[in-house]
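Containing compact mmCIF, C-alpha atoms and all ligand atoms: data.txt.
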# COMPACT_ATOMS: atom_id res chain seq x y z
CA GLY A 925 -45.32 7.53 49.70
CA ILE A 926 -43.51 8.64 46.57
CA LYS A 927 -41.81 11.89 45.78
CA LEU A 928 -41.98 12.65 42.08
CA THR A 929 -39.95 15.57 40.80
CA VAL A 930 -40.80 17.21 37.49
CA ILE A 931 -37.89 18.95 35.75
CA GLY A 932 -39.33 21.54 33.41
CA GLY A 933 -42.33 21.62 35.73
CA SER A 934 -43.37 25.14 34.80
CA GLY A 935 -44.57 23.96 31.37
CA LEU A 936 -48.14 25.12 30.85
CA TYR A 937 -49.28 21.59 30.07
CA THR A 938 -48.05 20.21 33.41
CA PRO A 939 -51.54 20.52 34.99
CA LEU A 940 -52.60 17.69 32.66
CA LEU A 941 -50.19 15.43 34.57
CA PHE A 942 -52.25 16.15 37.68
CA ASP A 943 -55.47 15.74 35.75
CA ALA A 944 -54.22 12.26 34.79
CA ILE A 945 -53.12 11.49 38.35
CA ALA A 946 -56.38 12.65 39.94
CA ASN A 947 -58.10 9.26 39.47
CA TYR A 948 -55.27 7.16 40.84
CA GLN A 949 -55.53 7.79 44.57
CA GLU A 950 -56.29 4.09 45.16
CA GLU A 951 -53.22 3.04 43.24
CA ILE A 952 -50.38 5.51 43.74
CA ASP A 953 -49.46 6.90 47.12
CA PHE A 954 -47.80 10.24 46.43
CA ASP A 955 -46.20 12.16 49.28
CA GLU A 956 -45.20 15.08 47.16
CA ILE A 957 -44.88 16.17 43.58
CA CYS A 958 -42.21 18.82 43.23
CA LEU A 959 -42.15 21.11 40.22
CA ASN A 960 -38.76 22.44 39.24
CA GLY A 961 -38.26 25.20 36.71
CA ARG A 962 -36.22 28.33 36.21
CA THR A 963 -38.85 31.05 36.48
CA ALA A 964 -40.46 31.35 39.90
CA SER A 965 -43.50 33.31 38.70
CA LYS A 966 -44.37 30.67 36.06
CA LEU A 967 -43.75 27.85 38.50
CA GLU A 968 -46.00 29.40 41.08
CA LYS A 969 -48.91 29.69 38.62
CA VAL A 970 -48.55 26.13 37.34
CA ALA A 971 -48.20 24.75 40.90
CA ARG A 972 -51.30 26.60 42.08
CA LEU A 973 -53.40 25.24 39.22
CA SER A 974 -51.94 21.74 39.73
CA GLN A 975 -52.64 21.84 43.46
CA SER A 976 -56.22 22.90 42.79
CA VAL A 977 -56.70 19.88 40.48
CA ILE A 978 -55.47 17.62 43.30
CA ASP A 979 -57.59 19.39 45.92
CA ARG A 980 -60.69 18.73 43.85
CA SER A 981 -59.83 15.01 43.80
CA GLU A 982 -59.82 12.48 46.64
CA TYR A 983 -56.07 12.83 46.84
CA ASP A 984 -54.24 14.54 49.59
CA PHE A 985 -50.66 15.51 48.84
CA LYS A 986 -48.66 18.67 48.34
CA VAL A 987 -47.58 20.13 45.04
CA THR A 988 -44.35 21.94 45.88
CA TYR A 989 -42.14 24.03 43.63
CA THR A 990 -38.62 25.35 43.60
CA THR A 991 -36.15 26.90 41.19
CA ASP A 992 -33.37 25.04 43.03
CA ARG A 993 -32.92 21.83 41.06
CA GLN A 994 -30.68 20.11 43.58
CA LYS A 995 -33.25 20.68 46.28
CA ALA A 996 -35.96 19.38 43.96
CA LEU A 997 -34.01 16.17 43.34
CA GLN A 998 -33.31 15.39 46.99
CA GLY A 999 -35.40 12.44 48.15
CA ALA A 1000 -37.05 11.89 44.76
CA GLU A 1001 -37.94 8.30 43.83
CA MET A 1002 -38.94 9.32 40.35
CA VAL A 1003 -37.86 12.21 38.19
CA LEU A 1004 -39.77 13.25 35.10
CA SER A 1005 -37.84 15.33 32.58
CA GLN A 1006 -39.87 17.46 30.21
CA ILE A 1007 -37.42 20.29 29.66
CA ARG A 1008 -36.98 21.88 26.27
CA VAL A 1009 -33.52 23.41 26.10
CA GLY A 1010 -33.77 26.86 24.52
CA GLY A 1011 -37.56 26.78 24.76
CA MET A 1012 -39.99 27.06 21.85
CA LYS A 1013 -37.67 29.56 20.14
CA ALA A 1014 -35.07 26.85 19.74
CA ARG A 1015 -37.72 24.46 18.44
CA ALA A 1016 -38.75 27.09 15.88
CA TYR A 1017 -35.13 27.20 14.71
CA ASP A 1018 -35.00 23.40 14.42
CA GLU A 1019 -38.18 23.49 12.36
CA GLU A 1020 -36.98 26.27 10.08
CA PHE A 1021 -33.29 26.04 9.23
CA PRO A 1022 -33.27 22.61 7.51
CA LEU A 1023 -35.76 23.90 4.92
CA LYS A 1024 -32.95 26.08 3.53
CA TYR A 1025 -31.26 22.85 2.50
CA ASP A 1026 -34.49 21.28 1.18
CA ILE A 1027 -34.63 19.04 4.23
CA ILE A 1028 -37.56 18.64 6.60
CA GLY A 1029 -37.48 20.82 9.71
CA GLU A 1030 -38.46 18.92 12.83
CA GLU A 1031 -37.42 18.79 16.49
CA THR A 1032 -36.51 15.08 16.36
CA VAL A 1033 -35.95 14.21 12.69
CA GLY A 1034 -33.16 15.27 10.31
CA PRO A 1035 -30.69 18.10 11.02
CA GLY A 1036 -33.27 19.89 13.21
CA GLY A 1037 -33.47 16.92 15.52
CA PHE A 1038 -29.68 16.75 15.47
CA ALA A 1039 -29.37 20.43 16.40
CA ASN A 1040 -31.75 19.67 19.25
CA ALA A 1041 -29.53 16.76 20.34
CA LEU A 1042 -26.36 18.87 20.25
CA ARG A 1043 -28.04 21.50 22.40
CA THR A 1044 -29.93 19.18 24.76
CA VAL A 1045 -27.59 16.29 25.55
CA PRO A 1046 -25.06 18.36 27.57
CA VAL A 1047 -27.88 19.79 29.68
CA MET A 1048 -29.44 16.37 30.25
CA LEU A 1049 -26.05 14.93 31.21
CA GLU A 1050 -25.73 17.67 33.79
CA LEU A 1051 -29.16 16.73 35.16
CA ALA A 1052 -28.22 13.05 35.25
CA ARG A 1053 -25.00 13.86 37.12
CA GLU A 1054 -27.00 15.80 39.69
CA MET A 1055 -29.29 12.80 40.02
CA GLU A 1056 -26.24 10.58 40.66
CA GLU A 1057 -25.43 12.85 43.53
CA TYR A 1058 -28.83 13.73 45.01
CA CYS A 1059 -31.12 10.78 44.15
CA PRO A 1060 -28.93 7.99 42.75
CA GLU A 1061 -31.66 5.34 43.05
CA ALA A 1062 -34.34 7.38 41.30
CA LEU A 1063 -35.82 6.40 37.95
CA LEU A 1064 -35.58 9.10 35.30
CA ILE A 1065 -38.67 9.12 33.10
CA ASN A 1066 -37.63 11.07 30.06
CA LEU A 1067 -39.85 13.01 27.68
CA THR A 1068 -37.15 15.42 26.54
CA ASN A 1069 -36.48 15.22 22.81
CA PRO A 1070 -34.74 13.78 20.92
CA ALA A 1071 -35.67 11.16 23.50
CA SER A 1072 -33.69 8.15 22.31
CA ILE A 1073 -30.44 10.08 21.77
CA VAL A 1074 -30.82 11.75 25.17
CA GLN A 1075 -31.37 8.35 26.76
CA GLN A 1076 -28.41 6.70 25.04
CA ALA A 1077 -26.09 9.52 26.14
CA ILE A 1078 -27.28 9.23 29.76
CA GLU A 1079 -26.89 5.44 29.74
CA GLN A 1080 -23.41 5.72 28.26
CA GLU A 1081 -22.13 8.50 30.48
CA THR A 1082 -23.86 8.04 33.84
CA THR A 1083 -25.27 5.39 36.18
CA VAL A 1084 -28.79 6.86 36.14
CA ASN A 1085 -31.65 4.47 35.49
CA VAL A 1086 -33.54 6.06 32.58
CA ILE A 1087 -36.54 5.20 30.45
CA SER A 1088 -37.90 7.34 27.60
CA LEU A 1089 -41.40 7.17 26.34
CA CYS A 1090 -43.65 8.68 23.77
CA ASP A 1091 -47.35 8.94 23.15
CA LEU A 1092 -47.23 8.23 19.43
CA PRO A 1093 -47.39 4.41 19.58
CA VAL A 1094 -50.26 4.46 22.03
CA GLY A 1095 -51.91 7.28 20.08
CA VAL A 1096 -51.93 5.18 16.91
CA LEU A 1097 -53.19 2.15 18.86
CA ASN A 1098 -56.03 4.26 20.29
CA LYS A 1099 -57.07 5.15 16.75
CA ILE A 1100 -56.88 1.51 15.65
CA ALA A 1101 -59.04 0.50 18.61
CA LYS A 1102 -61.59 3.11 17.63
CA MET A 1103 -61.56 1.89 14.02
CA LEU A 1104 -62.12 -1.72 15.11
CA ASP A 1105 -64.61 -0.61 17.73
CA VAL A 1106 -62.85 -2.47 20.52
CA ASP A 1107 -61.11 -1.55 23.74
CA ARG A 1108 -57.41 -0.77 23.31
CA ALA A 1109 -56.59 -3.40 25.93
CA GLU A 1110 -58.20 -6.09 23.76
CA ILE A 1111 -55.72 -5.57 20.94
CA ARG A 1112 -52.69 -7.87 20.80
CA TYR A 1113 -49.89 -6.54 18.64
CA GLU A 1114 -46.25 -6.57 17.74
CA TYR A 1115 -44.42 -3.27 17.64
CA PHE A 1116 -40.80 -2.52 16.81
CA GLY A 1117 -38.56 0.32 15.77
CA LEU A 1118 -37.00 3.45 17.18
CA ASN A 1119 -38.66 6.43 18.80
CA HIS A 1120 -40.58 8.25 16.01
CA LEU A 1121 -39.67 5.44 13.62
CA GLY A 1122 -41.78 2.44 14.53
CA TRP A 1123 -44.21 -0.01 12.97
CA TYR A 1124 -47.12 -2.15 14.13
CA GLN A 1125 -47.76 -5.67 12.86
CA GLN A 1126 -49.80 -8.71 13.89
CA LEU A 1127 -52.77 -6.74 15.20
CA ALA A 1128 -55.21 -9.23 16.65
CA VAL A 1129 -58.44 -9.09 18.63
CA LYS A 1130 -59.63 -12.19 20.50
CA GLY A 1131 -57.22 -14.38 18.57
CA GLU A 1132 -58.28 -13.07 15.17
CA ASN A 1133 -55.66 -11.31 13.05
CA ARG A 1134 -57.13 -7.96 11.95
CA THR A 1135 -53.99 -6.43 10.37
CA SER A 1136 -55.19 -6.54 6.77
CA GLU A 1137 -58.52 -4.99 7.75
CA VAL A 1138 -56.71 -2.12 9.47
CA ILE A 1139 -54.48 -1.68 6.42
CA LYS A 1140 -57.50 -1.59 4.08
CA LYS A 1141 -58.99 1.26 6.10
CA VAL A 1142 -55.68 2.88 6.98
CA ASP A 1143 -56.61 6.27 5.48
CA SER A 1144 -59.01 6.86 8.35
CA LEU A 1145 -56.07 6.76 10.79
CA GLY A 1146 -54.71 9.96 9.24
CA LEU A 1147 -51.09 8.84 9.26
CA GLY A 1148 -50.15 11.04 6.31
CA ILE A 1149 -48.58 8.13 4.49
CA ASP A 1150 -49.65 6.79 1.09
CA SER A 1151 -52.13 3.98 1.61
CA ASP A 1152 -50.97 1.99 -1.43
CA TRP A 1153 -47.50 2.06 0.02
CA ILE A 1154 -48.77 0.88 3.42
CA GLU A 1155 -50.62 -1.93 1.68
CA ASN A 1156 -47.36 -2.94 0.05
CA LEU A 1157 -45.45 -2.68 3.34
CA GLU A 1158 -48.02 -4.94 5.05
CA ILE A 1159 -47.20 -3.27 8.37
CA ILE A 1160 -48.44 0.00 9.86
CA PRO A 1161 -45.98 2.88 10.25
CA LEU A 1162 -46.11 5.67 12.81
CA PRO A 1163 -47.01 9.03 11.25
CA TYR A 1164 -43.42 10.34 11.50
CA LEU A 1165 -42.46 7.88 8.77
CA LYS A 1166 -43.92 10.43 6.34
CA TYR A 1167 -40.68 12.39 6.78
CA TYR A 1168 -38.86 9.43 5.22
CA TYR A 1169 -41.30 7.97 2.69
CA HIS A 1170 -42.59 11.34 1.49
CA HIS A 1171 -39.66 13.58 2.30
CA ALA A 1172 -39.71 15.89 -0.75
CA LYS A 1173 -43.47 16.35 -0.53
CA GLU A 1174 -43.27 17.15 3.18
CA VAL A 1175 -40.54 19.71 2.52
CA GLU A 1176 -42.69 21.41 -0.15
CA GLN A 1177 -45.69 21.54 2.16
CA ALA A 1178 -43.64 22.85 5.05
CA LYS A 1179 -42.24 25.64 2.86
CA GLU A 1180 -45.73 26.70 1.87
CA LYS A 1181 -46.91 27.06 5.47
CA ASP A 1182 -46.67 30.56 6.84
CA ILE A 1183 -46.42 29.49 10.46
CA LEU A 1184 -44.22 26.92 12.17
CA ARG A 1185 -45.66 24.47 14.69
CA ALA A 1186 -43.44 26.06 17.35
CA GLU A 1187 -44.83 29.52 16.55
CA GLU A 1188 -48.37 28.15 16.79
CA LEU A 1189 -47.54 26.74 20.20
CA ILE A 1190 -46.03 30.05 21.34
CA GLU A 1191 -49.26 31.84 20.37
CA THR A 1192 -51.37 29.24 22.18
CA SER A 1193 -49.16 29.53 25.25
CA ASN A 1194 -49.74 33.26 25.37
CA GLU A 1195 -53.49 32.71 25.22
CA ILE A 1196 -53.28 30.05 27.92
CA ALA A 1197 -51.33 32.44 30.13
CA LYS A 1198 -54.06 35.05 29.62
CA ALA A 1199 -56.82 32.57 30.49
CA LEU A 1200 -54.92 31.66 33.65
CA GLU A 1201 -54.78 35.30 34.71
CA GLU A 1202 -58.57 35.31 34.68
CA SER A 1203 -59.15 31.97 36.35
CA PRO A 1204 -55.98 30.63 37.94
CA GLU A 1205 -57.57 27.43 39.23
CA THR A 1206 -59.24 26.13 36.06
CA ILE A 1207 -57.39 24.25 33.33
CA PRO A 1208 -58.02 26.35 30.19
CA GLU A 1209 -59.80 24.66 27.31
CA LEU A 1210 -56.81 25.36 25.03
CA ILE A 1211 -54.68 23.04 27.16
CA TYR A 1212 -57.10 20.17 26.61
CA GLN A 1213 -57.17 20.90 22.89
CA ARG A 1214 -53.49 20.06 22.39
CA GLY A 1215 -53.81 17.26 24.92
CA ALA A 1216 -50.99 15.36 26.55
CA ILE A 1217 -51.78 11.65 26.41
CA TRP A 1218 -48.17 10.98 27.35
CA TYR A 1219 -49.36 11.63 30.92
CA SER A 1220 -52.76 9.94 30.93
CA ASP A 1221 -52.04 6.98 28.65
CA VAL A 1222 -48.40 6.26 29.44
CA ILE A 1223 -46.65 7.90 32.41
CA VAL A 1224 -49.31 7.63 35.10
CA PRO A 1225 -50.37 4.05 34.21
CA LEU A 1226 -46.67 3.15 34.05
CA ILE A 1227 -46.02 4.46 37.56
CA ALA A 1228 -49.14 2.63 38.80
CA THR A 1229 -47.89 -0.61 37.26
CA MET A 1230 -44.48 -0.24 38.86
CA VAL A 1231 -45.64 0.59 42.36
CA ASN A 1232 -48.35 -2.08 42.38
CA ASP A 1233 -46.20 -4.73 40.73
CA LYS A 1234 -48.78 -5.33 38.00
CA ASN A 1235 -47.63 -6.99 34.80
CA GLU A 1236 -48.71 -4.60 32.10
CA GLU A 1237 -47.60 -3.94 28.58
CA PHE A 1238 -46.08 -0.63 27.52
CA ILE A 1239 -44.20 0.47 24.45
CA LEU A 1240 -40.98 1.95 25.81
CA ASN A 1241 -37.49 2.91 24.76
CA ILE A 1242 -34.66 0.70 25.98
CA ALA A 1243 -31.14 -0.25 24.93
CA ASN A 1244 -31.26 -2.74 22.08
CA ASN A 1245 -28.95 -5.39 23.59
CA GLY A 1246 -29.68 -7.90 20.86
CA LEU A 1247 -33.44 -7.34 20.67
CA ILE A 1248 -33.35 -6.27 17.03
CA ALA A 1249 -30.80 -8.04 14.87
CA GLY A 1250 -28.36 -5.79 13.04
CA ILE A 1251 -28.64 -2.87 15.46
CA ASP A 1252 -25.86 -2.06 17.91
CA ASP A 1253 -26.51 -3.05 21.52
CA GLU A 1254 -26.23 0.49 22.92
CA VAL A 1255 -28.73 2.07 20.54
CA ILE A 1256 -32.09 2.84 22.16
CA VAL A 1257 -34.95 1.02 20.44
CA GLU A 1258 -38.70 1.35 20.93
CA VAL A 1259 -40.42 -1.95 21.64
CA ALA A 1260 -43.24 -3.58 23.57
CA THR A 1261 -42.30 -4.38 27.16
CA ILE A 1262 -43.82 -5.92 30.27
CA VAL A 1263 -43.50 -3.68 33.30
CA ASN A 1264 -43.83 -4.68 36.94
CA GLY A 1265 -42.32 -3.86 40.32
CA SER A 1266 -38.98 -5.37 39.48
CA GLY A 1267 -38.49 -3.56 36.22
CA ILE A 1268 -38.98 -3.60 32.50
CA ARG A 1269 -38.65 -6.64 30.30
CA ALA A 1270 -38.77 -6.32 26.54
CA LEU A 1271 -40.91 -8.77 24.62
CA GLU A 1272 -39.11 -10.64 21.94
CA VAL A 1273 -38.88 -8.92 18.58
CA GLY A 1274 -39.14 -11.31 15.67
CA ASP A 1275 -37.56 -10.88 12.27
CA ILE A 1276 -37.79 -7.36 10.93
CA PRO A 1277 -39.53 -7.27 7.52
CA LEU A 1278 -36.93 -6.66 4.82
CA GLN A 1279 -38.93 -3.76 3.37
CA VAL A 1280 -38.19 -1.60 6.43
CA LYS A 1281 -34.97 -3.10 7.71
CA SER A 1282 -32.42 -0.88 5.97
CA LEU A 1283 -34.22 2.33 6.95
CA LEU A 1284 -34.38 1.17 10.56
CA GLN A 1285 -30.70 0.23 10.55
CA GLN A 1286 -29.62 3.45 8.89
CA GLU A 1287 -31.52 5.64 11.33
CA ALA A 1288 -30.26 3.54 14.27
CA ASN A 1289 -26.69 3.98 13.10
CA TYR A 1290 -27.23 7.72 12.63
CA ARG A 1291 -28.60 8.00 16.19
CA ASN A 1292 -25.58 6.16 17.54
CA LEU A 1293 -23.27 8.59 15.74
CA ALA A 1294 -25.45 11.54 16.79
CA THR A 1295 -25.17 10.45 20.43
CA GLN A 1296 -21.38 10.35 20.20
CA ALA A 1297 -21.36 13.79 18.54
CA ALA A 1298 -23.69 15.28 21.13
CA ILE A 1299 -21.43 13.99 23.89
CA SER A 1300 -18.15 15.13 22.30
CA GLN A 1301 -19.44 18.22 20.40
CA ASP A 1302 -16.53 17.50 18.06
CA LYS A 1303 -16.58 18.67 14.44
CA ASP A 1304 -15.57 15.33 12.94
CA ASP A 1305 -18.19 13.50 14.98
CA ILE A 1306 -20.82 16.04 13.95
CA LEU A 1307 -20.01 15.54 10.26
CA ARG A 1308 -20.12 11.76 10.56
CA ALA A 1309 -23.56 11.93 12.15
CA LEU A 1310 -24.89 14.40 9.59
CA VAL A 1311 -23.67 12.36 6.62
CA ALA A 1312 -25.28 9.23 8.13
CA ASN A 1313 -28.62 10.99 8.65
CA PRO A 1314 -31.22 9.61 6.20
CA GLN A 1315 -32.46 13.11 5.30
CA VAL A 1316 -29.02 14.54 4.48
CA PRO A 1317 -28.25 13.80 0.83
CA SER A 1318 -24.49 14.38 0.59
CA TYR A 1319 -21.26 15.33 2.29
CA GLU A 1320 -21.46 18.80 0.71
CA VAL A 1321 -24.82 19.49 2.30
CA ALA A 1322 -23.64 18.07 5.62
CA TYR A 1323 -20.56 20.29 5.52
CA GLN A 1324 -22.65 23.34 4.67
CA ILE A 1325 -24.99 22.61 7.59
CA TRP A 1326 -22.04 22.18 9.93
CA LYS A 1327 -20.47 25.43 8.75
CA GLU A 1328 -23.64 27.54 8.77
CA GLU A 1329 -25.40 26.12 11.79
CA PHE A 1330 -23.06 24.28 14.11
CA SER A 1331 -19.58 25.82 13.80
CA LYS A 1332 -20.41 28.99 15.74
C1 LIG A 1401 -45.52 13.63 20.29
C2 LIG A 1401 -44.11 13.65 19.87
C3 LIG A 1401 -43.37 14.79 20.51
C4 LIG A 1401 -44.11 16.08 20.34
C5 LIG A 1401 -45.54 15.89 20.88
C6 LIG A 1401 -46.44 17.08 20.83
O1 LIG A 1401 -45.53 13.31 21.64
O2 LIG A 1401 -43.50 12.46 20.27
O3 LIG A 1401 -42.10 14.88 19.92
O4 LIG A 1401 -43.46 17.09 21.06
O5 LIG A 1401 -46.14 14.87 20.13
O6 LIG A 1401 -46.53 17.63 19.58
P1 LIG A 1401 -46.69 19.18 19.58
O7 LIG A 1401 -46.47 19.58 18.16
O8 LIG A 1401 -48.05 19.45 20.10
O9 LIG A 1401 -45.59 19.66 20.50

Output the structure of this file as structure tokens.
Amino acid sequence: GIKLTVIGGSGLYTPLLFDAIANYQEEIDFDEICLNGRTASKLEKVARLSQSVIDRSEYDFKVTYTTDRQKALQGAEMVLSQIRVGGMKARAYDEEFPLKYDIIGEETVGPGGFANALRTVPVMLELAREMEEYCPEALLINLTNPASIVQQAIEQETTVNVISLCDLPVGVLNKIAKMLDVDRAEIRYEYFGLNHLGWYQQLAVKGENRTSEVIKKVDSLGLGIDSDWIENLEIIPLPYLKYYYHHAKEVEQAKEKDILRAEELIETSNEIAKALEESPETIPELIYQRGAIWYSDVIVPLIATMVNDKNEEFILNIANNGLIAGIDDEVIVEVATIVNGSGIRALEVGDIPLQVKSLLQQEANYRNLATQAAISQDKDDILRALVANPQVPSYEVAYQIWKEEFSK
């Protein structure tokens, strides 16, 4: 059986991992899932609820927990990282400070995402070094943002086998399937880009190309991107592309909001904690409302595919190594892959449409520079990354951000 260790396991949404696992007893033989976190009282609550989800299923394994990370890593075949360095407070900062410079505030995009990288990469490198020591063969499944920068740093600096993933591509595909009234598995597609910066093309069902139909009805997908522009693009962007195509408008809207997404999530977490006080063995409705399809639609099926040596398709983040022309080999790209027991093989990526190529290359180059800066924490590296970031308009603004936000 498998030992899976969850770093950041005391997150209140962790029970949804077990909810997703509950139906897989035929496919995945778990010995133990170990939750690691820093606060014993939180861990204990989340572990109890998670164990109760498993006890109500046909499964029979132990949900363990410990605040000792090295102990948690020992004997693990798979490690899932879902830590958020600095917690929701840090995310609130990432969402807020860029607005002062008329730049979007976000935990993965722009200077906010970069602040997140500077803070998170050193901690993730420490985790990876512990993995080298305590479970060198284990696969690190990474959810920690900014996922692609974290992954590139780990690949560059350690020998840990790491794969990052995201629910956005599959989330958009789910919506497309609903629109076309077909099963997601029936849709053939091409997908390329970077994490939070990807596009779909060549959507086909039973050999019939349905891309233009999807584009005609694209408003119903709620991507937040101008539909005339998508029609012109002829390919379908992930919703995060709104921070590039509609940057000024997004900044205006964000400034008008009186609550940050992080603050919303803090409030919800408090309510979830209260609900858990009352019934510690029931997943509160609020948890389902945010959802966590990264578990149910990506991570658990991915593990099942690996352990059963099935050949299934997943959109994952891997080092470019020539997949997309004009992007450096070491940069982590997000592409369709075939996964089985022996590993992950990227499907070929064809020519990138010219209308998105420069944006993709610019962001890829920024992420490469951001990775170097997050590793070195050096002022010159930080400035290079900031100036290369698509949302940062000039050296003056980059310098001001460095001085105000990163020089302390
Ligand atoms: C997607 C994004 C993540 C984000 C998550 C949840 O998975 O890739 O970066 O954290 O959605 O969004 P939320 O605002 O609920 O945290």

Ligand LIG 1401 (chain A) neighbours within 8 Å using only C-alpha atoms and all ligand atoms, as a PyMOL selection string: chain A and resi 1031-1032+1069-1070+1090-1092+1119-1120+1185-1186+1189+1214-1216+1218

Test item: residues at most 9 Å from Ile1211 (chain A), only C-alpha atoms, excluding those fewer than 5 positions along its chain, as a PyMOL selection string: chain A and resi 936-937+939-940+1192-1193+1196+1216

Please provide as a PDB file with C-alpha atoms, in the frame of the given file all residues within 9 Å of Glu1187 (chain A), with the sequence filter that same-chain residues fewer than 6 positions apart are discarded (counting all atoms listed in the file).
ATOM      1  CA  MET A1012     -39.990  27.060  21.850  1.00  0.00           C
ATOM      2  CA  LYS A1013     -37.670  29.560  20.140  1.00  0.00           C
ATOM      3  CA  ARG A1015     -37.720  24.460  18.440  1.00  0.00           C
ATOM      4  CA  ALA A1016     -38.750  27.090  15.880  1.00  0.00           C
TER       5      ALA A1016
END

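Among the candidates A:Glu1272, A:Glu1287, A:Glu1054, A:Glu1191, the residue lying nearest to Tyr1168 (chain A) is A:Glu1287 (atoms considered: all atoms listed in the file).
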
Computed interatomic separation between CA of Phe1038 (chain A) and CA of Arg1291 (chain A) (Å): 8.8 Å

Near-Ala1249 (chain A) list (10 Å; only C-alpha atoms; drop same-chain fewer than 4 positions) as a PyMOL selection string: chain A and resi 1244-1245+1253+1273-1276+1281+1285

Output C-alpha atoms for every residue in that selection, as a PDB file, in the coordinates of the input.
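Written output follows (again.pdb):
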ATOM      1  CA  ASN A1244     -31.260  -2.740  22.080  1.00  0.00           C
ATOM      2  CA  ASN A1245     -28.950  -5.390  23.590  1.00  0.00           C
ATOM      3  CA  ASP A1253     -26.510  -3.050  21.520  1.00  0.00           C
ATOM      4  CA  VAL A1273     -38.880  -8.920  18.580  1.00  0.00           C
ATOM      5  CA  GLY A1274     -39.140 -11.310  15.670  1.00  0.00           C
ATOM      6  CA  ASP A1275     -37.560 -10.880  12.270  1.00  0.00           C
ATOM      7  CA  ILE A1276     -37.790  -7.360  10.930  1.00  0.00           C
ATOM      8  CA  LYS A1281     -34.970  -3.100   7.710  1.00  0.00           C
ATOM      9  CA  GLN A1285     -30.700   0.230  10.550  1.00  0.00           C
TER      10      GLN A1285
END
